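Q: The structure follows.
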Amino acid sequence: MQHSNTDNITRQLNYLSHITSMKQSQNKEPGNPGCLEEIHKKVKDLYPCNFEGAKLSIKRTLSQHFNIIHSLIFSSMTPSGYRFGGNFIGDKRVGLLEKYPIIRGEIMTNGNLTATFMHTLKCRYRIKLGAQIENREYKAFSGTIEYRSNDCTASLTLADPNILKKHGTFVIHYLQALTPRMTIGAELAYRRGIKIPNYQQSIVTMAARYSTGKYTISSTFSKVGLHFCYHMKASNQLQLGLEFETNFRTLDSESAIVYQLDLSHLDLTFRGLFNSEMTVAGVFEKRLLPSVNSSILISALYNYKKEQFRVGVGLNIG
């Protein structure tokens with residue numbers, strides 16, 4: 001809910017990524033390609049985070065490592081009520097912006113809890129643990145170990161394991177940078193469970209990404225479907241994204257056009273969406289001075305097919 005802080009970090013990351021790509025082009029070194037699950041990240045970041053009703057978020061920084069967040073939500077579509085969250089960031093620095101360990105958590109008045117822990121070992125290894133508790137039961141759990149070299153990333157994920165019933169999901173990711181612009185990768189996902197056809201299922205997915213800095217094309221392909229994204233930075237103020245996804249089994253396809261407009265001189269950010277389901281959506285954010293981390297948000301979404309219209313107003317403080 002802290003879109004202002006996220007936007008500032010995103011702009012810094014985009015600038016550093018641009019500078020890094022220029023240096024890599026000069027040195028002809030591919031550099032680390034990141035992780036495969038973020039291969040479509042540039043387009044995904046343009047999507048507006050729509051909400052309905054009213055939201056109030058108050059962030060208080062207790063120290064340079066720890067802050068807490070009080071959230072109050074009133075909505076007829078999502079669970080309403082009070083939420084309390086906390087973030088801890090350690091001293092170990094990796095790169096220019098990453099610091100570890102990272103501990104995040106959020107709890108609601110009904111006892112539902114989500115928590116995440118991330119840490120790094122010798123800069124190249126990263127560990128991530130996530131858990132979700134709902135109705136006094138473990139709803140989800142996942143653990144990931146990741147290795148990053150100068151030109152590739154490999155990761156291993158285990159989600160919702162049940163040793164006694166032999167249930168769970170096992171995923172292997174690998175992403176290789178061939179050149180500063182071209183990246184390819186693959187994913188192997190294996191699942192076991194009583195709700196899965198034939199009790200078990202395995203899927204191999206191939207991935208590719210080509211980026212010039214101004215344009216980025218990314219795609220993942222498997223026997224299940226095709227996912228294609230195109231991102232363009234039209235100017236310093238405007239970014240455009242196109243996403244297309246099709247499922248070969250159900251023969252369903254979806255497409256969307258997203259964009260982000262940044263007017264830094266007015267402290268304004270607008271994210272918009274139009275998709276094949278005849279949905280038009282947008283989120284308007286106005287940062288409030290003198291605090292750049294405070295903002296007011298207005299969300300609107302209209303679905304022509306279902307004739308649904310939703311409006312939300314939010315306020316972030318701190």
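Just so we're on the same page: first chain in the structure tokens is A, next is B, and so on; residues restart at 1 for each chain, and ligands are numbered from 1 in the order they show up.
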List as a tab-separated table every residue of segment 225-301 of chain A that is in contact with segment 58-74 of chain A, defined as an atom at most 12 Å from one of its atoms (using only C-alpha atoms), together with the nearest atom pair and the distance in Å rounded to one decimal, sorted by chain and then rising number.

A:
```
residue	atom	partner	partner_atom	distance
A:Ser291	CA	A:Lys59	CA	11.9
A:Asn293	CA	A:Lys59	CA	9.1
A:Ser294	CA	A:Ile58	CA	8.9
A:Ser295	CA	A:Ile58	CA	10.8
```

Q: Which residues are close to His40 of chain A, i.e. within 10 Å by only C-alpha atoms, leaving aside same-chain residues fewer than 6 positions away? Reply as a PyMOL selection string.

A: chain A and resi 209+216-220+227-231+243

Q: Applying 10 Å and only C-alpha atoms, which residues near Glu307 of chain A remain after dropping the ones on its own chain fewer than 5 positions away? List them as a list of chain:residue names.

A: A:Met278, A:Thr279, A:Tyr302

Q: For Glu38 of chain A, work out the shell of residues within 12 Å, counting only C-alpha atoms and skipping chain neighbours fewer than 4 positions away, then give it as a ChimeraX atom specification.

A: /A:33-34,42-45,153,173,175,185,207-209,218-220,229

Q: Pull the helix (DSSP H, G or I) assignments for segment 27-119 of chain A out of DSSP run on the backbone, and list those residues as JSON, numbers by chain.

A: {"A": [27, 36, 37, 38, 41, 42, 43, 44]}

Q: Save the residues we just selected, all heavy atoms, as a PDB file, in the first residue's frame?

A:
```
ATOM      1  N   ASN A  27      31.507  -3.111 -21.780  1.00  0.00           N
ATOM      2  CA  ASN A  27      32.430  -4.183 -21.403  1.00  0.00           C
ATOM      3  C   ASN A  27      32.117  -5.506 -22.077  1.00  0.00           C
ATOM      4  O   ASN A  27      32.871  -6.462 -21.947  1.00  0.00           O
ATOM      5  CB  ASN A  27      32.400  -4.375 -19.886  1.00  0.00           C
ATOM      6  CG  ASN A  27      32.839  -3.133 -19.130  1.00  0.00           C
ATOM      7  OD1 ASN A  27      33.626  -2.344 -19.636  1.00  0.00           O
ATOM      8  ND2 ASN A  27      32.305  -2.963 -17.929  1.00  0.00           N
ATOM      9  N   LEU A  36      14.066 -16.070 -12.902  1.00  0.00           N
ATOM     10  CA  LEU A  36      13.134 -16.366 -13.985  1.00  0.00           C
ATOM     11  C   LEU A  36      11.714 -15.925 -13.660  1.00  0.00           C
ATOM     12  O   LEU A  36      10.973 -15.526 -14.551  1.00  0.00           O
ATOM     13  CB  LEU A  36      13.172 -17.864 -14.301  1.00  0.00           C
ATOM     14  CG  LEU A  36      12.458 -18.303 -15.583  1.00  0.00           C
ATOM     15  CD1 LEU A  36      13.230 -19.425 -16.259  1.00  0.00           C
ATOM     16  CD2 LEU A  36      11.034 -18.774 -15.286  1.00  0.00           C
ATOM     17  N   GLU A  37      11.319 -15.987 -12.405  1.00  0.00           N
ATOM     18  CA  GLU A  37       9.952 -15.608 -12.056  1.00  0.00           C
ATOM     19  C   GLU A  37       9.683 -14.123 -12.255  1.00  0.00           C
ATOM     20  O   GLU A  37       8.527 -13.692 -12.233  1.00  0.00           O
ATOM     21  CB  GLU A  37       9.653 -15.987 -10.607  1.00  0.00           C
ATOM     22  CG  GLU A  37      10.522 -15.295  -9.595  1.00  0.00           C
ATOM     23  CD  GLU A  37      10.252 -15.745  -8.169  1.00  0.00           C
ATOM     24  OE1 GLU A  37       9.490 -16.721  -8.014  1.00  0.00           O
ATOM     25  OE2 GLU A  37      10.810 -15.146  -7.234  1.00  0.00           O
ATOM     26  N   GLU A  38      10.725 -13.329 -12.484  1.00  0.00           N
ATOM     27  CA  GLU A  38      10.559 -11.902 -12.740  1.00  0.00           C
ATOM     28  C   GLU A  38      10.862 -11.539 -14.186  1.00  0.00           C
ATOM     29  O   GLU A  38      11.152 -10.380 -14.497  1.00  0.00           O
ATOM     30  CB  GLU A  38      11.464 -11.092 -11.810  1.00  0.00           C
ATOM     31  CG  GLU A  38      11.111 -11.226 -10.335  1.00  0.00           C
ATOM     32  CD  GLU A  38      11.989 -10.381  -9.451  1.00  0.00           C
ATOM     33  OE1 GLU A  38      12.996  -9.843  -9.963  1.00  0.00           O
ATOM     34  OE2 GLU A  38      11.678 -10.244  -8.254  1.00  0.00           O
ATOM     35  N   LYS A  41       8.627  -8.825 -15.363  1.00  0.00           N
ATOM     36  CA  LYS A  41       8.455  -7.840 -14.299  1.00  0.00           C
ATOM     37  C   LYS A  41       8.190  -6.433 -14.822  1.00  0.00           C
ATOM     38  O   LYS A  41       7.385  -5.693 -14.248  1.00  0.00           O
ATOM     39  CB  LYS A  41       9.701  -7.831 -13.403  1.00  0.00           C
ATOM     40  CG  LYS A  41       9.566  -6.960 -12.159  1.00  0.00           C
ATOM     41  CD  LYS A  41      10.797  -7.059 -11.279  1.00  0.00           C
ATOM     42  CE  LYS A  41      10.618  -6.316  -9.971  1.00  0.00           C
ATOM     43  NZ  LYS A  41      10.354  -4.886 -10.170  1.00  0.00           N
ATOM     44  N   LYS A  42       8.844  -6.032 -15.909  1.00  0.00           N
ATOM     45  CA  LYS A  42       8.680  -4.663 -16.392  1.00  0.00           C
ATOM     46  C   LYS A  42       7.240  -4.361 -16.772  1.00  0.00           C
ATOM     47  O   LYS A  42       6.752  -3.249 -16.551  1.00  0.00           O
ATOM     48  CB  LYS A  42       9.614  -4.414 -17.589  1.00  0.00           C
ATOM     49  CG  LYS A  42      11.064  -4.221 -17.199  1.00  0.00           C
ATOM     50  CD  LYS A  42      11.873  -3.668 -18.340  1.00  0.00           C
ATOM     51  CE  LYS A  42      13.279  -3.310 -17.909  1.00  0.00           C
ATOM     52  NZ  LYS A  42      14.068  -2.703 -19.000  1.00  0.00           N
ATOM     53  N   VAL A  43       6.560  -5.342 -17.355  1.00  0.00           N
ATOM     54  CA  VAL A  43       5.155  -5.139 -17.707  1.00  0.00           C
ATOM     55  C   VAL A  43       4.269  -5.273 -16.477  1.00  0.00           C
ATOM     56  O   VAL A  43       3.329  -4.489 -16.282  1.00  0.00           O
ATOM     57  CB  VAL A  43       4.724  -6.136 -18.802  1.00  0.00           C
ATOM     58  CG1 VAL A  43       3.218  -6.061 -19.049  1.00  0.00           C
ATOM     59  CG2 VAL A  43       5.465  -5.844 -20.094  1.00  0.00           C
ATOM     60  N   LYS A  44       4.543  -6.250 -15.626  1.00  0.00           N
ATOM     61  CA  LYS A  44       3.725  -6.462 -14.429  1.00  0.00           C
ATOM     62  C   LYS A  44       3.743  -5.241 -13.519  1.00  0.00           C
ATOM     63  O   LYS A  44       2.740  -4.936 -12.854  1.00  0.00           O
ATOM     64  CB  LYS A  44       4.218  -7.692 -13.666  1.00  0.00           C
ATOM     65  CG  LYS A  44       4.028  -9.019 -14.392  1.00  0.00           C
ATOM     66  CD  LYS A  44       2.571  -9.336 -14.606  1.00  0.00           C
ATOM     67  CE  LYS A  44       2.389 -10.711 -15.219  1.00  0.00           C
ATOM     68  NZ  LYS A  44       0.944 -11.015 -15.474  1.00  0.00           N
TER      69      LYS A  44
END
```

Q: Give the answer as one residue: which of A:Gln176, A:Ser76, A:Asn162, A:Ser57 has the shortest atom-to-atom distance to Ile39 of chain A, using only C-alpha atoms?

A: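 Nearest to Ile39 of chain A: A:Gln176.
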
Q: Fewer than 5 positions away in the same chain doesn't count, so skip those; otherwise give me all residues within 9 Å of Ser255 of chain A, counting only C-alpha atoms, as a PyMOL selection string.

A: chain A and resi 242-246+274-277

Q: Restricting the output to N, CA and C atoms, write the selected residues as a PDB file, in the first residue's frame.

A:
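Okay, this is what ended up in part09.pdb:
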```pdb
ATOM      1  N   LEU A 242       2.387  -4.397 -23.180  1.00  0.00           N
ATOM      2  CA  LEU A 242       1.402  -5.263 -23.818  1.00  0.00           C
ATOM      3  C   LEU A 242       1.609  -6.684 -23.308  1.00  0.00           C
ATOM      4  N   GLU A 243       0.531  -7.339 -22.881  1.00  0.00           N
ATOM      5  CA  GLU A 243       0.607  -8.702 -22.376  1.00  0.00           C
ATOM      6  C   GLU A 243      -0.430  -9.577 -23.071  1.00  0.00           C
ATOM      7  N   PHE A 244       0.026 -10.753 -23.502  1.00  0.00           N
ATOM      8  CA  PHE A 244      -0.863 -11.728 -24.142  1.00  0.00           C
ATOM      9  C   PHE A 244      -0.596 -13.096 -23.537  1.00  0.00           C
ATOM     10  N   GLU A 245      -1.680 -13.787 -23.160  1.00  0.00           N
ATOM     11  CA  GLU A 245      -1.548 -15.104 -22.548  1.00  0.00           C
ATOM     12  C   GLU A 245      -2.643 -16.021 -23.075  1.00  0.00           C
ATOM     13  N   THR A 246      -2.266 -17.230 -23.468  1.00  0.00           N
ATOM     14  CA  THR A 246      -3.228 -18.197 -23.977  1.00  0.00           C
ATOM     15  C   THR A 246      -3.010 -19.550 -23.325  1.00  0.00           C
ATOM     16  N   PHE A 274      -6.359  -1.607 -19.900  1.00  0.00           N
ATOM     17  CA  PHE A 274      -7.491  -1.979 -20.748  1.00  0.00           C
ATOM     18  C   PHE A 274      -7.227  -3.392 -21.243  1.00  0.00           C
ATOM     19  N   ASN A 275      -8.169  -4.329 -20.990  1.00  0.00           N
ATOM     20  CA  ASN A 275      -7.927  -5.711 -21.376  1.00  0.00           C
ATOM     21  C   ASN A 275      -9.055  -6.263 -22.237  1.00  0.00           C
ATOM     22  N   SER A 276      -8.871  -7.511 -22.680  1.00  0.00           N
ATOM     23  CA  SER A 276      -9.819  -8.152 -23.589  1.00  0.00           C
ATOM     24  C   SER A 276     -11.121  -8.533 -22.905  1.00  0.00           C
ATOM     25  N   GLU A 277     -11.165  -8.489 -21.563  1.00  0.00           N
ATOM     26  CA  GLU A 277     -12.394  -8.753 -20.821  1.00  0.00           C
ATOM     27  C   GLU A 277     -13.251  -7.504 -20.704  1.00  0.00           C
TER      28      GLU A 277
END
```

Q: Identify, on the basis of only C-alpha atoms, every residue whose closest approach to Gln201 of chain A does not exceed 8 Å; exclude the query and any residue fewer than 5 positions from it along the same chain; express the result as an MDAnalysis selection string.

A: chainID A and resid 190:192 196

Q: Mind dumping the selected residues with N, CA and C atoms as an mmCIF file, in the first residue's frame?

A:
```cif
data_model
loop_
_atom_site.group_PDB
_atom_site.id
_atom_site.type_symbol
_atom_site.label_atom_id
_atom_site.label_comp_id
_atom_site.auth_asym_id
_atom_site.auth_seq_id
_atom_site.Cartn_x
_atom_site.Cartn_y
_atom_site.Cartn_z
ATOM 1 N N TYR A 190 7.138 -29.762 -10.723
ATOM 2 C CA TYR A 190 6.577 -31.084 -10.453
ATOM 3 C C TYR A 190 5.641 -30.976 -9.259
ATOM 4 N N ARG A 191 4.406 -31.471 -9.425
ATOM 5 C CA ARG A 191 3.383 -31.377 -8.377
ATOM 6 C C ARG A 191 2.789 -32.746 -8.088
ATOM 7 N N ARG A 192 2.486 -32.956 -6.793
ATOM 8 C CA ARG A 192 1.793 -34.169 -6.359
ATOM 9 C C ARG A 192 0.663 -33.763 -5.428
ATOM 10 N N ILE A 196 -4.859 -33.274 -8.230
ATOM 11 C CA ILE A 196 -4.165 -33.187 -9.514
ATOM 12 C C ILE A 196 -4.498 -34.426 -10.346
#
```

Q: If I take atom CA of Leu288 of chain A and atom CA of Gln260 of chain A, how far is one from the other in Å, to one decimal?

A: 19.1 Å

Q: I need the residues of segment 131-268 of chain A that end up classed as strand (DSSP E or B) by DSSP on the backbone, written out as a PyMOL selection string.

A: chain A and resi 131-134+137-148+152-162+167-177+182-192+200-211+215-221+225-233+238-247+252-263+268

Q: Just to be explicit: take each residue in the selection above, keep C-alpha atoms, and write the result as a tab-separated table (two decimals), in the first residue's frame.

A:
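The resulting file, result-v5.tsv, is shown below:
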```tsv
chain	number	residue	atom	x	y	z
A	131	ALA	CA	4.29	-18.68	5.30
A	132	GLN	CA	0.59	-17.90	5.47
A	133	ILE	CA	-1.76	-18.79	8.33
A	134	GLU	CA	-5.51	-18.62	7.78
A	137	GLU	CA	-4.16	-23.43	9.87
A	138	TYR	CA	-1.09	-23.26	7.65
A	139	LYS	CA	-2.57	-22.19	4.33
A	140	ALA	CA	0.69	-22.00	2.41
A	141	PHE	CA	4.42	-22.42	2.96
A	142	SER	CA	7.35	-22.14	0.56
A	143	GLY	CA	11.11	-22.19	0.75
A	144	THR	CA	13.56	-21.09	-1.95
A	145	ILE	CA	17.33	-21.20	-2.26
A	146	GLU	CA	18.88	-19.21	-5.09
A	147	TYR	CA	22.36	-18.98	-6.58
A	148	ARG	CA	23.47	-15.97	-8.65
A	152	CYS	CA	23.22	-16.88	-14.62
A	153	THR	CA	20.73	-17.58	-11.83
A	154	ALA	CA	19.59	-20.98	-10.56
A	155	SER	CA	16.95	-21.56	-7.89
A	156	LEU	CA	15.17	-24.41	-6.14
A	157	THR	CA	11.70	-23.98	-4.57
A	158	LEU	CA	9.65	-26.32	-2.41
A	159	ALA	CA	6.04	-25.27	-1.74
A	160	ASP	CA	3.40	-26.75	0.59
A	161	PRO	CA	5.32	-29.95	1.37
A	162	ASN	CA	3.60	-32.85	3.13
A	167	HIS	CA	2.19	-33.97	-1.49
A	168	GLY	CA	3.77	-30.70	-2.58
A	169	THR	CA	5.29	-28.68	-5.40
A	170	PHE	CA	8.92	-28.83	-6.51
A	171	VAL	CA	10.24	-26.16	-8.91
A	172	ILE	CA	13.68	-25.66	-10.52
A	173	HIS	CA	14.52	-22.40	-12.30
A	174	TYR	CA	17.52	-21.60	-14.47
A	175	LEU	CA	18.18	-18.34	-16.33
A	176	GLN	CA	21.27	-17.72	-18.49
A	177	ALA	CA	22.41	-14.40	-19.96
A	182	MET	CA	19.61	-11.78	-24.78
A	183	THR	CA	18.58	-14.14	-21.96
A	184	ILE	CA	17.17	-17.67	-22.09
A	185	GLY	CA	16.02	-20.04	-19.38
A	186	ALA	CA	13.92	-23.03	-18.37
A	187	GLU	CA	11.67	-24.15	-15.54
A	188	LEU	CA	10.75	-27.62	-14.33
A	189	ALA	CA	7.69	-27.83	-12.06
A	190	TYR	CA	6.58	-31.08	-10.45
A	191	ARG	CA	3.38	-31.38	-8.38
A	192	ARG	CA	1.79	-34.17	-6.36
A	200	GLN	CA	1.01	-36.06	-10.22
A	201	GLN	CA	1.96	-33.56	-12.90
A	202	SER	CA	5.16	-32.16	-14.39
A	203	ILE	CA	5.52	-29.15	-16.68
A	204	VAL	CA	8.61	-27.89	-18.51
A	205	THR	CA	8.58	-24.22	-19.47
A	206	MET	CA	11.04	-22.42	-21.75
A	207	ALA	CA	11.72	-18.71	-21.35
A	208	ALA	CA	13.44	-15.98	-23.36
A	209	ARG	CA	13.95	-12.25	-23.01
A	210	TYR	CA	15.44	-9.64	-25.34
A	211	SER	CA	16.05	-6.12	-24.03
A	215	TYR	CA	12.36	-2.07	-25.53
A	216	THR	CA	11.94	-5.41	-23.76
A	217	ILE	CA	10.35	-8.56	-25.20
A	218	SER	CA	9.82	-11.55	-22.91
A	219	SER	CA	8.07	-14.87	-23.45
A	220	THR	CA	7.46	-18.19	-21.69
A	221	PHE	CA	6.22	-21.27	-23.53
A	225	GLY	CA	0.23	-22.27	-22.86
A	226	LEU	CA	2.07	-19.21	-24.11
A	227	HIS	CA	2.80	-15.99	-22.23
A	228	PHE	CA	4.15	-12.96	-24.13
A	229	CYS	CA	5.00	-9.46	-22.89
A	230	TYR	CA	6.27	-6.33	-24.59
A	231	HIS	CA	7.51	-3.26	-22.70
A	232	MET	CA	8.45	0.09	-24.18
A	233	LYS	CA	9.80	3.17	-22.48
A	238	LEU	CA	5.53	7.37	-20.24
A	239	GLN	CA	5.90	3.57	-20.20
A	240	LEU	CA	3.74	1.18	-22.21
A	241	GLY	CA	3.19	-2.55	-21.86
A	242	LEU	CA	1.40	-5.26	-23.82
A	243	GLU	CA	0.61	-8.70	-22.38
A	244	PHE	CA	-0.86	-11.73	-24.14
A	245	GLU	CA	-1.55	-15.10	-22.55
A	246	THR	CA	-3.23	-18.20	-23.98
A	247	ASN	CA	-4.07	-21.62	-22.52
A	252	ASP	CA	-8.81	-19.32	-23.58
A	253	SER	CA	-6.80	-16.21	-24.37
A	254	GLU	CA	-6.42	-12.88	-22.62
A	255	SER	CA	-4.62	-9.71	-23.60
A	256	ALA	CA	-4.07	-6.38	-21.89
A	257	ILE	CA	-2.59	-2.97	-22.55
A	258	VAL	CA	-1.09	-1.19	-19.54
A	259	TYR	CA	0.71	2.11	-19.14
A	260	GLN	CA	2.26	4.35	-16.53
A	261	LEU	CA	2.49	8.12	-16.68
A	262	ASP	CA	4.91	9.90	-14.33
A	263	LEU	CA	4.64	13.67	-13.93
A	268	LEU	CA	1.71	12.59	-9.94
```

Q: With only C-alpha atoms as the atoms that count, which of A:Asn150, A:Asn110, A:Asn236, A:Ser264 lies nearest to Arg83 of chain A?

A: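 Ranking A:Asn150, A:Asn110, A:Asn236, A:Ser264 by distance to Arg83 of chain A, first place goes to A:Asn110.
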